[in-house]
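K.L.:
So that you have it, the file is model.cif, and it contains mmCIF, C-alpha atoms:
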```cif
data_my_file
#
loop_
_atom_site.group_PDB
_atom_site.id
_atom_site.type_symbol
_atom_site.label_atom_id
_atom_site.label_comp_id
_atom_site.auth_asym_id
_atom_site.auth_seq_id
_atom_site.Cartn_x
_atom_site.Cartn_y
_atom_site.Cartn_z
ATOM 1 C CA MET A 1 0.000 0.000 0.000
ATOM 2 C CA ILE A 2 1.315 3.468 -0.938
ATOM 3 C CA LYS A 3 2.239 5.493 2.156
ATOM 4 C CA LEU A 4 3.695 8.677 0.709
ATOM 5 C CA LYS A 5 2.169 11.671 2.483
ATOM 6 C CA SER A 6 1.693 15.175 1.185
ATOM 7 C CA MET A 7 2.779 17.997 3.476
ATOM 8 C CA THR A 8 -0.300 20.054 2.613
ATOM 9 C CA GLY A 9 -3.604 19.255 4.283
ATOM 10 C CA TYR A 10 -6.586 20.543 6.206
ATOM 11 C CA SER A 11 -8.994 19.055 8.720
ATOM 12 C CA LYS A 12 -11.573 20.392 11.142
ATOM 13 C CA LEU A 13 -13.600 18.660 13.824
ATOM 14 C CA GLU A 14 -16.265 19.893 16.220
ATOM 15 C CA LYS A 15 -17.656 18.002 19.197
ATOM 16 C CA VAL A 16 -20.167 18.799 21.905
ATOM 17 C CA SER A 17 -20.459 17.481 25.427
ATOM 18 C CA GLU A 18 -22.802 18.450 28.243
ATOM 19 C CA LYS A 19 -20.403 21.191 29.309
ATOM 20 C CA TYR A 20 -18.395 22.223 26.247
ATOM 21 C CA LYS A 21 -18.553 22.802 22.541
ATOM 22 C CA VAL A 22 -15.038 22.469 21.111
ATOM 23 C CA TYR A 23 -13.693 22.743 17.592
ATOM 24 C CA CYS A 24 -10.199 21.950 16.366
ATOM 25 C CA GLU A 25 -8.838 23.159 13.028
ATOM 26 C CA ILE A 26 -5.452 22.101 11.610
ATOM 27 C CA LYS A 27 -3.800 23.386 8.440
ATOM 28 C CA THR A 28 -0.446 22.179 7.093
ATOM 29 C CA LEU A 29 1.801 23.581 4.377
ATOM 30 C CA ASN A 30 5.210 22.738 2.918
ATOM 31 C CA SER A 31 8.257 23.353 5.086
ATOM 32 C CA LYS A 32 11.841 22.096 5.392
ATOM 33 C CA GLY A 33 11.160 20.815 8.897
ATOM 34 C CA LEU A 34 8.326 20.582 11.407
ATOM 35 C CA ASP A 35 7.190 24.120 12.203
ATOM 36 C CA ILE A 36 4.284 24.205 14.686
ATOM 37 C CA SER A 37 2.157 27.143 15.762
ATOM 38 C CA VAL A 38 -0.933 26.896 17.958
ATOM 39 C CA SER A 39 -3.782 29.258 18.758
ATOM 40 C CA ILE A 40 -5.584 28.254 21.943
ATOM 41 C CA PRO A 41 -7.619 29.898 24.729
ATOM 42 C CA TYR A 42 -5.508 31.416 27.492
ATOM 43 C CA TYR A 43 -6.745 28.919 30.101
ATOM 44 C CA LEU A 44 -5.201 26.071 28.064
ATOM 45 C CA SER A 45 -1.842 27.797 27.602
ATOM 46 C CA SER A 46 -0.203 25.376 30.048
ATOM 47 C CA LYS A 47 -1.002 22.561 27.571
ATOM 48 C CA GLU A 48 0.812 24.079 24.588
ATOM 49 C CA ILE A 49 3.932 21.921 25.006
ATOM 50 C CA ARG A 50 1.751 18.816 25.296
ATOM 51 C CA ILE A 51 -0.123 19.827 22.128
ATOM 52 C CA ASN A 52 3.180 20.174 20.277
ATOM 53 C CA GLN A 53 4.192 16.698 21.443
ATOM 54 C CA ILE A 54 0.911 15.198 20.224
ATOM 55 C CA ILE A 55 1.331 16.872 16.819
ATOM 56 C CA SER A 56 4.901 15.588 16.484
ATOM 57 C CA ASN A 57 3.639 12.041 17.046
ATOM 58 C CA TYR A 58 1.558 12.299 13.876
ATOM 59 C CA LEU A 59 3.465 14.759 11.673
ATOM 60 C CA LYS A 60 7.190 14.809 10.983
ATOM 61 C CA ARG A 61 7.513 17.602 8.460
ATOM 62 C CA GLY A 62 5.528 20.654 7.380
ATOM 63 C CA LYS A 63 4.328 24.015 8.625
ATOM 64 C CA VAL A 64 1.456 23.243 11.015
ATOM 65 C CA HIS A 65 -1.093 25.658 12.422
ATOM 66 C CA LEU A 66 -3.577 24.353 14.997
ATOM 67 C CA ARG A 67 -6.484 26.390 16.320
ATOM 68 C CA ILE A 68 -8.735 25.438 19.232
ATOM 69 C CA GLY A 69 -12.032 27.123 20.075
ATOM 70 C CA VAL A 70 -14.033 26.425 23.244
ATOM 71 C CA LYS A 71 -17.573 27.434 24.093
ATOM 72 C CA PHE A 72 -18.858 26.756 27.609
ATOM 73 C CA LEU A 73 -22.410 25.398 27.749
ATOM 74 C CA VAL A 74 -22.700 25.795 31.502
ATOM 75 C CA PRO A 75 -22.073 28.969 33.536
ATOM 76 C CA ILE A 76 -18.552 29.591 34.822
ATOM 77 C CA SER A 77 -17.363 32.167 37.300
ATOM 78 C CA LEU A 78 -15.816 35.307 35.828
ATOM 79 C CA ASN A 79 -13.088 37.394 37.341
ATOM 80 C CA VAL A 80 -13.337 41.148 36.657
ATOM 81 C CA ASP A 81 -10.149 43.204 36.595
ATOM 82 C CA PHE A 82 -11.606 46.338 38.200
ATOM 83 C CA ALA A 83 -8.313 48.242 38.056
ATOM 84 C CA MET A 84 -8.038 47.712 34.315
ATOM 85 C CA ALA A 85 -11.731 48.527 33.833
ATOM 86 C CA LYS A 86 -11.257 51.806 35.708
ATOM 87 C CA SER A 87 -8.192 52.649 33.594
ATOM 88 C CA TYR A 88 -10.140 52.059 30.381
ATOM 89 C CA PHE A 89 -13.086 54.116 31.677
ATOM 90 C CA GLU A 90 -10.911 57.096 32.679
ATOM 91 C CA THR A 91 -9.026 56.989 29.371
ATOM 92 C CA LEU A 92 -12.265 56.893 27.371
ATOM 93 C CA GLU A 93 -13.765 59.656 29.514
ATOM 94 C CA GLY A 94 -10.744 61.859 28.890
ATOM 95 C CA LEU A 95 -10.988 61.158 25.160
ATOM 96 C CA ARG A 96 -14.715 62.018 25.187
ATOM 97 C CA GLU A 97 -14.112 65.360 26.908
ATOM 98 C CA SER A 98 -11.149 66.328 24.698
ATOM 99 C CA LEU A 99 -13.177 65.647 21.548
ATOM 100 C CA GLY A 100 -16.265 67.380 22.881
ATOM 101 C CA ILE A 101 -18.465 64.302 22.618
ATOM 102 C CA GLN A 102 -21.748 64.883 24.463
ATOM 103 C CA ASN A 103 -22.828 61.240 24.882
ATOM 104 C CA LEU A 104 -22.004 59.810 28.281
ATOM 105 C CA LEU A 105 -20.093 56.544 28.613
ATOM 106 C CA SER A 106 -22.000 53.391 29.540
ATOM 107 C CA LEU A 107 -21.122 49.872 30.613
ATOM 108 C CA SER A 108 -21.514 48.640 27.032
ATOM 109 C CA ASP A 109 -18.538 50.802 26.030
ATOM 110 C CA LEU A 110 -16.324 48.716 28.302
ATOM 111 C CA LEU A 111 -17.608 45.315 27.214
ATOM 112 C CA ILE A 112 -15.502 45.393 24.035
ATOM 113 C CA PHE A 113 -12.332 45.110 26.151
ATOM 114 C CA ARG A 114 -12.291 41.358 26.747
ATOM 115 C CA GLU A 115 -9.167 41.387 28.859
ATOM 116 C CA ILE A 116 -11.224 42.985 31.648
ATOM 117 C CA PHE A 117 -13.156 39.699 32.050
ATOM 118 C CA ARG A 118 -11.403 36.402 32.592
ATOM 119 C CA GLY A 119 -12.815 32.959 33.335
ATOM 120 C CA ASP A 120 -11.754 31.871 36.792
ATOM 121 C CA LEU A 121 -11.157 28.155 36.110
ATOM 122 C CA ASP A 122 -9.633 25.942 38.763
ATOM 123 C CA ASP A 123 -7.157 23.183 37.917
ATOM 124 C CA GLU A 124 -9.772 20.440 38.110
ATOM 125 C CA VAL A 125 -11.979 22.127 35.505
ATOM 126 C CA ILE A 126 -8.996 22.761 33.239
ATOM 127 C CA GLU A 127 -7.925 19.116 33.414
ATOM 128 C CA GLU A 128 -11.456 17.929 32.658
ATOM 129 C CA LEU A 129 -11.640 20.266 29.683
ATOM 130 C CA TRP A 130 -8.173 19.205 28.536
ATOM 131 C CA ASP A 131 -9.159 15.529 28.457
ATOM 132 C CA PHE A 132 -12.005 16.446 26.124
ATOM 133 C CA VAL A 133 -9.870 18.751 23.962
ATOM 134 C CA LYS A 134 -6.980 16.280 23.755
ATOM 135 C CA ASN A 135 -9.167 13.566 22.232
ATOM 136 C CA ILE A 136 -10.500 16.025 19.661
ATOM 137 C CA ILE A 137 -6.955 17.051 18.699
ATOM 138 C CA VAL A 138 -5.991 13.408 18.187
ATOM 139 C CA GLU A 139 -9.075 12.706 16.052
ATOM 140 C CA THR A 140 -8.445 15.819 13.968
ATOM 141 C CA LEU A 141 -4.821 14.784 13.410
ATOM 142 C CA GLU A 142 -5.894 11.285 12.367
ATOM 143 C CA LYS A 143 -8.303 12.823 9.878
ATOM 144 C CA LEU A 144 -5.543 15.132 8.623
ATOM 145 C CA VAL A 145 -3.128 12.224 8.135
ATOM 146 C CA GLU A 146 -5.769 10.414 6.066
ATOM 147 C CA GLU A 147 -6.135 13.466 3.830
ATOM 148 C CA ARG A 148 -2.363 13.785 3.448
ATOM 149 C CA GLU A 149 -2.132 10.097 2.525
ATOM 150 C CA LYS A 150 -4.827 10.491 -0.135
ATOM 151 C CA GLU A 151 -2.916 13.384 -1.649
ATOM 152 C CA GLY A 152 0.287 11.350 -1.296
ATOM 153 C CA GLU A 153 -1.219 8.589 -3.458
ATOM 154 C CA LYS A 154 -1.781 11.117 -6.234
ATOM 155 C CA LEU A 155 1.760 12.416 -5.870
ATOM 156 C CA PHE A 156 3.114 8.859 -5.971
ATOM 157 C CA VAL A 157 1.668 8.295 -9.456
ATOM 158 C CA ASP A 158 3.507 11.323 -10.871
ATOM 159 C CA ILE A 159 6.715 10.725 -8.923
ATOM 160 C CA ASN A 160 6.876 7.043 -9.884
ATOM 161 C CA LYS A 161 6.450 7.936 -13.575
ATOM 162 C CA MET A 162 9.316 10.409 -13.367
ATOM 163 C CA VAL A 163 11.604 7.952 -11.572
ATOM 164 C CA LEU A 164 10.882 5.275 -14.202
ATOM 165 C CA ARG A 165 11.565 7.811 -16.931
ATOM 166 C CA LEU A 166 14.906 8.683 -15.335
ATOM 167 C CA LYS A 167 15.755 4.990 -15.167
ATOM 168 C CA LYS A 168 15.010 4.588 -18.883
ATOM 169 C CA ILE A 169 17.109 7.625 -19.777
ATOM 170 C CA VAL A 170 20.092 6.215 -17.873
ATOM 171 C CA GLU A 171 19.633 2.836 -19.584
ATOM 172 C CA ASN A 172 19.762 4.547 -22.984
ATOM 173 C CA ILE A 173 22.855 6.539 -22.002
ATOM 174 C CA ASN A 174 24.529 3.327 -20.887
ATOM 175 C CA LYS A 175 23.753 1.615 -24.213
ATOM 176 C CA LEU A 176 25.250 4.508 -26.157
ATOM 177 C CA SER A 177 28.328 4.631 -23.925
ATOM 178 C CA LEU A 178 29.241 1.054 -24.924
ATOM 179 C CA ASP A 179 30.091 2.329 -28.418
ATOM 180 C CA LEU A 180 31.872 5.424 -27.108
ATOM 181 C CA LYS A 181 35.416 4.291 -27.947
ATOM 182 C CA GLU A 182 34.481 3.390 -31.523
ATOM 183 C CA VAL A 183 32.681 6.730 -31.976
ATOM 184 C CA ILE A 184 35.701 8.652 -30.675
ATOM 185 C CA ALA A 185 38.062 6.671 -32.919
ATOM 186 C CA LYS A 186 35.900 7.400 -35.952
ATOM 187 C CA LYS A 187 35.807 11.126 -35.212
ATOM 188 C CA ILE A 188 39.579 11.324 -34.677
ATOM 189 C CA ARG A 189 40.208 9.371 -37.864
ATOM 190 C CA GLU A 190 37.927 11.688 -39.849
ATOM 191 C CA ASN A 191 39.593 14.784 -38.386
ATOM 192 C CA VAL A 192 43.082 13.471 -39.071
ATOM 193 C CA GLU A 193 42.212 12.526 -42.663
ATOM 194 C CA GLU A 194 40.917 16.059 -43.241
ATOM 195 C CA ILE A 195 44.146 17.596 -41.945
ATOM 196 C CA LEU A 196 46.885 15.253 -43.221
ATOM 197 C CA PRO A 197 47.905 15.181 -46.908
ATOM 198 C CA ASN A 198 46.877 12.055 -48.799
ATOM 199 C CA ASN A 199 50.445 10.782 -49.146
ATOM 200 C CA ILE A 200 51.107 10.701 -45.390
ATOM 201 C CA GLU A 201 49.996 7.700 -43.380
ATOM 202 C CA MET A 202 48.755 7.902 -39.807
ATOM 203 C CA ASP A 203 50.895 6.407 -37.036
ATOM 204 C CA VAL A 204 48.732 3.573 -35.694
ATOM 205 C CA ASN A 205 50.298 3.555 -32.215
ATOM 206 C CA GLN A 206 49.885 7.297 -31.741
ATOM 207 C CA PHE A 207 46.342 7.056 -33.035
ATOM 208 C CA GLU A 208 45.451 4.320 -30.544
ATOM 209 C CA THR A 209 47.074 6.279 -27.729
ATOM 210 C CA ALA A 210 45.065 9.406 -28.601
ATOM 211 C CA VAL A 211 41.842 7.404 -28.754
ATOM 212 C CA ALA A 212 42.579 5.782 -25.384
ATOM 213 C CA LEU A 213 43.297 9.136 -23.702
ATOM 214 C CA ILE A 214 40.174 10.834 -25.009
ATOM 215 C CA ALA A 215 38.014 7.764 -24.278
ATOM 216 C CA ASP A 216 39.342 7.696 -20.720
ATOM 217 C CA LYS A 217 38.375 11.348 -20.182
ATOM 218 C CA ALA A 218 34.954 10.671 -21.706
ATOM 219 C CA ASP A 219 34.349 7.535 -19.614
ATOM 220 C CA ILE A 220 31.008 7.896 -17.799
ATOM 221 C CA ARG A 221 30.667 4.400 -16.337
ATOM 222 C CA GLU A 222 31.037 5.647 -12.753
ATOM 223 C CA GLU A 223 28.395 8.342 -13.283
ATOM 224 C CA ILE A 224 26.008 5.797 -14.785
ATOM 225 C CA SER A 225 26.599 3.436 -11.869
ATOM 226 C CA ARG A 226 25.889 6.177 -9.314
ATOM 227 C CA LEU A 227 22.783 7.295 -11.210
ATOM 228 C CA ASN A 228 21.420 3.750 -11.181
ATOM 229 C CA SER A 229 22.144 3.509 -7.467
ATOM 230 C CA HIS A 230 20.359 6.812 -6.723
ATOM 231 C CA ILE A 231 17.337 5.894 -8.845
ATOM 232 C CA ASP A 232 17.063 2.440 -7.266
ATOM 233 C CA ARG A 233 17.133 4.110 -3.860
ATOM 234 C CA MET A 234 14.347 6.477 -4.937
ATOM 235 C CA GLN A 235 12.199 3.526 -5.969
ATOM 236 C CA GLU A 236 12.718 1.972 -2.538
ATOM 237 C CA LEU A 237 11.945 5.172 -0.641
ATOM 238 C CA ILE A 238 8.660 6.025 -2.346
ATOM 239 C CA LEU A 239 7.279 2.683 -1.129
ATOM 240 C CA LYS A 240 8.286 3.176 2.517
ATOM 241 C CA ASP A 241 5.792 3.967 5.274
ATOM 242 C CA GLU A 242 7.851 6.797 6.748
ATOM 243 C CA PRO A 243 8.793 10.415 5.982
ATOM 244 C CA VAL A 244 11.174 10.317 2.996
ATOM 245 C CA GLY A 245 10.842 13.793 1.478
ATOM 246 C CA THR A 246 14.164 15.125 2.792
ATOM 247 C CA LEU A 247 16.135 12.105 1.582
ATOM 248 C CA LEU A 248 14.402 12.123 -1.809
ATOM 249 C CA ASN A 249 15.275 15.791 -2.178
ATOM 250 C CA PHE A 250 18.926 15.008 -1.433
ATOM 251 C CA LEU A 251 18.929 12.247 -4.069
ATOM 252 C CA THR A 252 17.588 14.620 -6.734
ATOM 253 C CA GLN A 253 20.534 16.906 -5.993
ATOM 254 C CA GLU A 254 22.942 13.997 -6.496
ATOM 255 C CA VAL A 255 21.210 12.970 -9.732
ATOM 256 C CA HIS A 256 21.513 16.556 -10.972
ATOM 257 C CA ARG A 257 25.236 16.496 -10.212
ATOM 258 C CA GLU A 258 25.801 13.219 -12.105
ATOM 259 C CA PHE A 259 23.974 14.452 -15.206
ATOM 260 C CA ASN A 260 26.089 17.623 -15.146
ATOM 261 C CA THR A 261 29.262 15.525 -15.027
ATOM 262 C CA ILE A 262 28.055 13.416 -17.957
ATOM 263 C CA LEU A 263 27.385 16.594 -19.939
ATOM 264 C CA SER A 264 30.887 17.887 -19.241
ATOM 265 C CA LYS A 265 32.408 14.596 -20.448
ATOM 266 C CA SER A 266 30.053 13.907 -23.337
ATOM 267 C CA ARG A 267 31.558 13.321 -26.783
ATOM 268 C CA MET A 268 28.290 12.138 -28.336
ATOM 269 C CA LEU A 269 25.372 14.358 -29.245
ATOM 270 C CA GLU A 270 22.906 11.591 -28.391
ATOM 271 C CA ILE A 271 24.305 11.272 -24.861
ATOM 272 C CA THR A 272 24.226 15.056 -24.446
ATOM 273 C CA ASN A 273 20.569 15.191 -25.443
ATOM 274 C CA LEU A 274 19.664 12.355 -23.078
ATOM 275 C CA ALA A 275 21.537 13.967 -20.176
ATOM 276 C CA LEU A 276 19.708 17.254 -20.804
ATOM 277 C CA GLU A 277 16.401 15.384 -20.816
ATOM 278 C CA GLY A 278 17.429 13.688 -17.592
ATOM 279 C CA LYS A 279 18.127 17.048 -15.947
ATOM 280 C CA TYR A 280 14.722 18.323 -17.025
ATOM 281 C CA VAL A 281 12.856 15.283 -15.677
ATOM 282 C CA ASN A 282 14.867 15.462 -12.451
ATOM 283 C CA SER A 283 13.951 19.137 -11.995
ATOM 284 C CA GLN A 284 10.256 18.227 -12.349
ATOM 285 C CA LEU A 285 10.758 15.422 -9.856
ATOM 286 C CA LYS A 286 12.410 17.798 -7.396
ATOM 287 C CA GLU A 287 9.404 20.139 -7.572
ATOM 288 C CA GLN A 288 6.992 17.310 -6.776
ATOM 289 C CA ILE A 289 9.151 16.028 -3.929
ATOM 290 C CA GLN A 290 8.897 19.419 -2.214
ATOM 291 C CA ASN A 291 5.294 18.417 -1.394
ATOM 292 C CA ILE A 292 6.278 15.123 0.269
ATOM 293 C CA GLU A 293 6.570 14.762 4.037
#
```
Could you express the structure from this file as structure tokens?
P.N.:
Amino acid sequence: MIKLKSMTGYSKLEKVSEKYKVYCEIKTLNSKGLDISVSIPYYLSSKEIRINQIISNYLKRGKVHLRIGVKFLVPISLNVDFAMAKSYFETLEGLRESLGIQNLLSLSDLLIFREIFRGDLDDEVIEELWDFVKNIIVETLEKLVEEREKEGEKLFVDINKMVLRLKKIVENINKLSLDLKEVIAKKIRENVEEILPNNIEMDVNQFETAVALIADKADIREEISRLNSHIDRMQELILKDEPVGTLLNFLTQEVHREFNTILSKSRMLEITNLALEGKYVNSQLKEQIQNIE
């Protein structure tokens, strides 16, 4: 079963109990590592580290934003910050007088300042609420992982096609490279025959030496071997049930380097064209891999 996961995803879950109505929303985007940000009510701020730990159990890579909303369905005690309320009132009153506003201030003018009112929750209530919230976070993450896996299956189809295409390109380069020495010898012979007068014969030993030197510099067997190794590794990784995006990205960099070396050594137009095609396919592959966890 394909287990590649996309780094992008979204899930939202809402649940209601006798005391609370809680929703959890999680969005994920591409990122080099695991970058977590959470938006939670102040009375759950002590649970932020625990939330991060729960997220890291399900997600290994991506920019993650989690938002929790809580609505109490039963009355809770409120704590009023009278000192802050008085400061707001005096500031607003001074502003009213300086601007010549005739309307008198009322209690409703202070209600917009939410920091004046705070829920006075004891530890027992917070822990009870946290047990409810924690389960919702886990369910939302499980739903998110399912969505990322579905998107990963789509990505796998494209990525697998590109890897197979790279493999075919390298096979064709390898076939052409088997005739490399003969091609080089033919080109040198043609060049020499164009330069030398007809009555002068070519020194066979020097000719063979020249062919051997140029063929040695144009030898791409090591590059082909490394390319095959990298591509085989890619085929293994895209079937693994674990985060492989970072390693796949590294392999595309190595493949790019090998194709560049082949281009610098190439003495055959056909090999040059294939290496250029390989670089193009690899660049497309690299773009797709950026979406993989």
K.L.:
Apply the PyMOL selection byres ((chain A and resi 274) around 12) to the file shown and report the selected residues as a PDB file with C-alpha atoms, keeping the file's coordinate frame.
P.N.:
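Saved to selection-v4.pdb:
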```pdb
ATOM      1  CA  ARG A 165      11.565   7.811 -16.931  1.00  0.00           C
ATOM      2  CA  LEU A 166      14.906   8.683 -15.335  1.00  0.00           C
ATOM      3  CA  LYS A 167      15.755   4.990 -15.167  1.00  0.00           C
ATOM      4  CA  LYS A 168      15.010   4.588 -18.883  1.00  0.00           C
ATOM      5  CA  ILE A 169      17.109   7.625 -19.777  1.00  0.00           C
ATOM      6  CA  VAL A 170      20.092   6.215 -17.873  1.00  0.00           C
ATOM      7  CA  GLU A 171      19.633   2.836 -19.584  1.00  0.00           C
ATOM      8  CA  ASN A 172      19.762   4.547 -22.984  1.00  0.00           C
ATOM      9  CA  ILE A 173      22.855   6.539 -22.002  1.00  0.00           C
ATOM     10  CA  ASN A 174      24.529   3.327 -20.887  1.00  0.00           C
ATOM     11  CA  LYS A 175      23.753   1.615 -24.213  1.00  0.00           C
ATOM     12  CA  LEU A 176      25.250   4.508 -26.157  1.00  0.00           C
ATOM     13  CA  SER A 177      28.328   4.631 -23.925  1.00  0.00           C
ATOM     14  CA  PHE A 259      23.974  14.452 -15.206  1.00  0.00           C
ATOM     15  CA  ASN A 260      26.089  17.623 -15.146  1.00  0.00           C
ATOM     16  CA  ILE A 262      28.055  13.416 -17.957  1.00  0.00           C
ATOM     17  CA  LEU A 263      27.385  16.594 -19.939  1.00  0.00           C
ATOM     18  CA  SER A 266      30.053  13.907 -23.337  1.00  0.00           C
ATOM     19  CA  MET A 268      28.290  12.138 -28.336  1.00  0.00           C
ATOM     20  CA  LEU A 269      25.372  14.358 -29.245  1.00  0.00           C
ATOM     21  CA  GLU A 270      22.906  11.591 -28.391  1.00  0.00           C
ATOM     22  CA  ILE A 271      24.305  11.272 -24.861  1.00  0.00           C
ATOM     23  CA  THR A 272      24.226  15.056 -24.446  1.00  0.00           C
ATOM     24  CA  ASN A 273      20.569  15.191 -25.443  1.00  0.00           C
ATOM     25  CA  ALA A 275      21.537  13.967 -20.176  1.00  0.00           C
ATOM     26  CA  LEU A 276      19.708  17.254 -20.804  1.00  0.00           C
ATOM     27  CA  GLU A 277      16.401  15.384 -20.816  1.00  0.00           C
ATOM     28  CA  GLY A 278      17.429  13.688 -17.592  1.00  0.00           C
ATOM     29  CA  LYS A 279      18.127  17.048 -15.947  1.00  0.00           C
ATOM     30  CA  TYR A 280      14.722  18.323 -17.025  1.00  0.00           C
ATOM     31  CA  VAL A 281      12.856  15.283 -15.677  1.00  0.00           C
TER      32      VAL A 281
END
```
K.L.:
Evaluating the PyMOL selection byres ((chain A and resi 282-293) around 8) on the displayed file yields which residues, as a list in words?
P.N.:
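On the file shown, the PyMOL selection byres ((chain A and resi 282-293) around 8) covers Leu4, Lys5, Ser6, Met7, Thr8, Asn30, Lys60, Arg61, Gly62, Gly152, Leu155, Ile159, Met162, Val163, Leu166, Pro243, Val244, Gly245, Thr246, Leu248, Asn249, Thr252, Val255, His256, Gly278, Lys279, Tyr280 and Val281 of chain A.
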K.L.:
Given all atoms listed in the file as the basis, pick out the residue of A:Ile116, A:Ile40, A:Leu141, A:Leu111 nearest to Lys12 of chain A.
P.N.:
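Comparing A:Ile116, A:Ile40, A:Leu141, A:Leu111 against Lys12 of chain A, the winner is A:Leu141.
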K.L.:
Can you list, as a PyMOL selection string, the residues that the PyMOL selection byres ((chain A and resi 23) around 7) selects here?
P.N.:
chain A and resi 13-15+21-22+24-25+68-70
K.L.:
Go ahead and compute the interatomic distance for atom CA of Thr91 of chain A and atom CA of Arg114 of chain A, in Å to one decimal.
P.N.:
16.2 Å
K.L.:
Expressed in Å to a single decimal, how great is the separation between atom CA of Ser46 of chain A and atom CA of Glu127 of chain A?
P.N.:
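Separation between atom CA of Ser46 of chain A and atom CA of Glu127 of chain A: 10.5 Å.
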